[in-house]
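J.: Provided herewith is a single structure, encoded as structure tokens, for subsequent inquiry.
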Amino acid sequence: MTDLNDVYQRLAAAYGPLHWWPAETPFEVAIGAILTQNTNWKNVEMAIGNLRRAQALTPQALSELSRDALEQLIRPSGFFRQKAERLQLLCAYLQTHHQGRLEQLLRQPLEQARRELLQLKGIGPETADSILLYAGDLPSFVVDAYTRRLFERLGELRKNQSYEQIRERFMARLPAAADLYNEYHALIVEHCKRLCRTRPRCGDCCLGAICRHARRLAPPA
DNA sequence: GGCCAGGACACCA
DNA sequence: TGGTGTCATGGC
């Protein structure tokens with residue numbers, strides 16, 4: 001069984017500290033979490049830049065935009081029609097149930113806040129956990145494609161394990177600390193992104209026996 | 001010009 | 001429960 005703390009220490013020594021998430025407010029974190037769904041972060045930055053220039057980075061301002069106007073602002077992030085709907089559904093929910101304040105939703109106990117986010121259309125487990133962790137400072141471990149790739153190659157995860165299984169596995173073996181989960185996820189992404197640049201498929205380059213980096217990270221047999 | 005990126009959902013067997 | 005198609009843009 002992989003020593004998750006050892007992996008963390010090695011990643012932190014190589015890349016850290018990273019201090020995620022790049023955003024000025026909790027709501028901006030949530031915007032980014034939705035916009036980055038299956039999308040390169042650079043495209044998300046362009047879309048957020050457009051929203052910032054339009055002064056639309058609050059639930060109130062964003063919900064007052066017409067759907068078409070919002071779609072055009074976030075167009076660089078791709079999937080702009082469904083993401084515009086998802087953003088405005090989140091805003092509508094916050095205004096109806098939390099006085100238009102994401103912070104109020106995030107002041108609840110972790111699992112309650114998570115259930116509320118997950119019931120919203122367009123917010124799945126990874127997006128919810130990113131919002132909880134990076135906007136709410138709540139200890140919810142984020143599992144993304146990079147997490148799966150890295151730990152499958154390290155022999156820690158099997159293919160086709162469910163999101164919830166993986167999340168629970170990590171949370172059961174790490175202290176429930178938001179700052180740790182925050183940095184750990186950021187390090188996993190940073191590690192995979194750097195190594196992905198050298199090969200077209202990250203799964204073939206940064207993981208497992210064919211990858212020097214992954215071999216170095218793996219604990220001795 | 002093809003492939004990929006910090007997912008989620010609807011639909012089907 | 002698990003597999004597949006769809007959504008779409010910009011960088012490499």
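Chain labels A, B, ... are given in the sequence in which chains occur in the structure tokens; within each chain residues are numbered consecutively from 1, and ligands are likewise numbered from 1 in the order shown.
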Taking only C-alpha atoms (C1' of nucleotides) into account and nothing else, which residues of chain A lie no more than 7 Å away from chain C? Please answer as a PyMOL selection string.
T.: chain A and resi 43+75-79
J.: Write to file, as a short mmCIF file (atom, residue, chain, number, x, y, z; two decimals), in the first residue's frame, the residues of the selection just made, with C-alpha atoms.
T.:
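Dumped to out23.cif:
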data_model
loop_
_atom_site.label_atom_id
_atom_site.label_comp_id
_atom_site.auth_asym_id
_atom_site.auth_seq_id
_atom_site.Cartn_x
_atom_site.Cartn_y
_atom_site.Cartn_z
CA ASN A 43 -8.92 28.91 -21.34
CA ARG A 75 -16.92 31.30 -24.55
CA PRO A 76 -13.12 30.74 -24.35
CA SER A 77 -13.65 28.08 -21.67
CA GLY A 78 -15.55 25.81 -24.04
CA PHE A 79 -18.90 24.08 -23.45
#
J.: Would you write out, as a Markdown table, a table of all residues in chain B that have an atom no more than 12 Å from an atom of chain A, listing for each the closest atom pair and the distance in Å to one decimal, considering only C-alpha atoms (C1' of nucleotides) and ordering rows by chain and rising residue number?
T.:
| residue | atom | partner | partner_atom | distance |
| --- | --- | --- | --- | --- |
| B:DG2 | C1' | A:Pro200 | CA | 11.7 |
| B:DC3 | C1' | A:Pro200 | CA | 8.2 |
| B:DC4 | C1' | A:Pro200 | CA | 8.2 |
| B:DA5 | C1' | A:Asn40 | CA | 4.3 |
| B:DG6 | C1' | A:Thr36 | CA | 6.3 |
| B:DG7 | C1' | A:Gln37 | CA | 4.6 |
| B:DA8 | C1' | A:Gly122 | CA | 5.7 |
| B:DC9 | C1' | A:Gly122 | CA | 7.6 |
J.: As a ChimeraX atom specification, list the residues of range 67-185 of chain A assigned to alpha helix (DSSP H) by DSSP on the backbone atoms of this structure.
T.: /A:67-73,80-97,102-106,110-118,125-130,145-153,163-173,178-185
J.: I'd like the interatomic distance between CA of Leu174 in chain A and CA of Ala23 in chain A, to a tenth of an Å.
T.: 25.9 Å
J.: List the neighbours of Leu120 in chain A out to 10 Å using only C-alpha atoms (C1' of nucleotides); skip same-chain residues closer than 3 positions along the sequence, and give me the result as a list of chain:residue names.
T.: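 Listed by chain and then number, they are A:Arg86, A:Leu89, A:Leu90, A:Tyr93, A:Arg115, A:Glu116, A:Leu117, A:Ile123, A:Gly124, A:Ala128.
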J.: Can you work out the spacing between CA of Leu18 in chain A and CA of Leu102 in chain A in Å, to one decimal?
T.: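 Value for the CA of Leu18 in chain A-CA of Leu102 in chain A distance: 24.3 Å.
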J.: Can you work out the spacing between CA of Gln60 in chain A and CA of Ala92 in chain A in Å, to one decimal?
T.: 8.8 Å
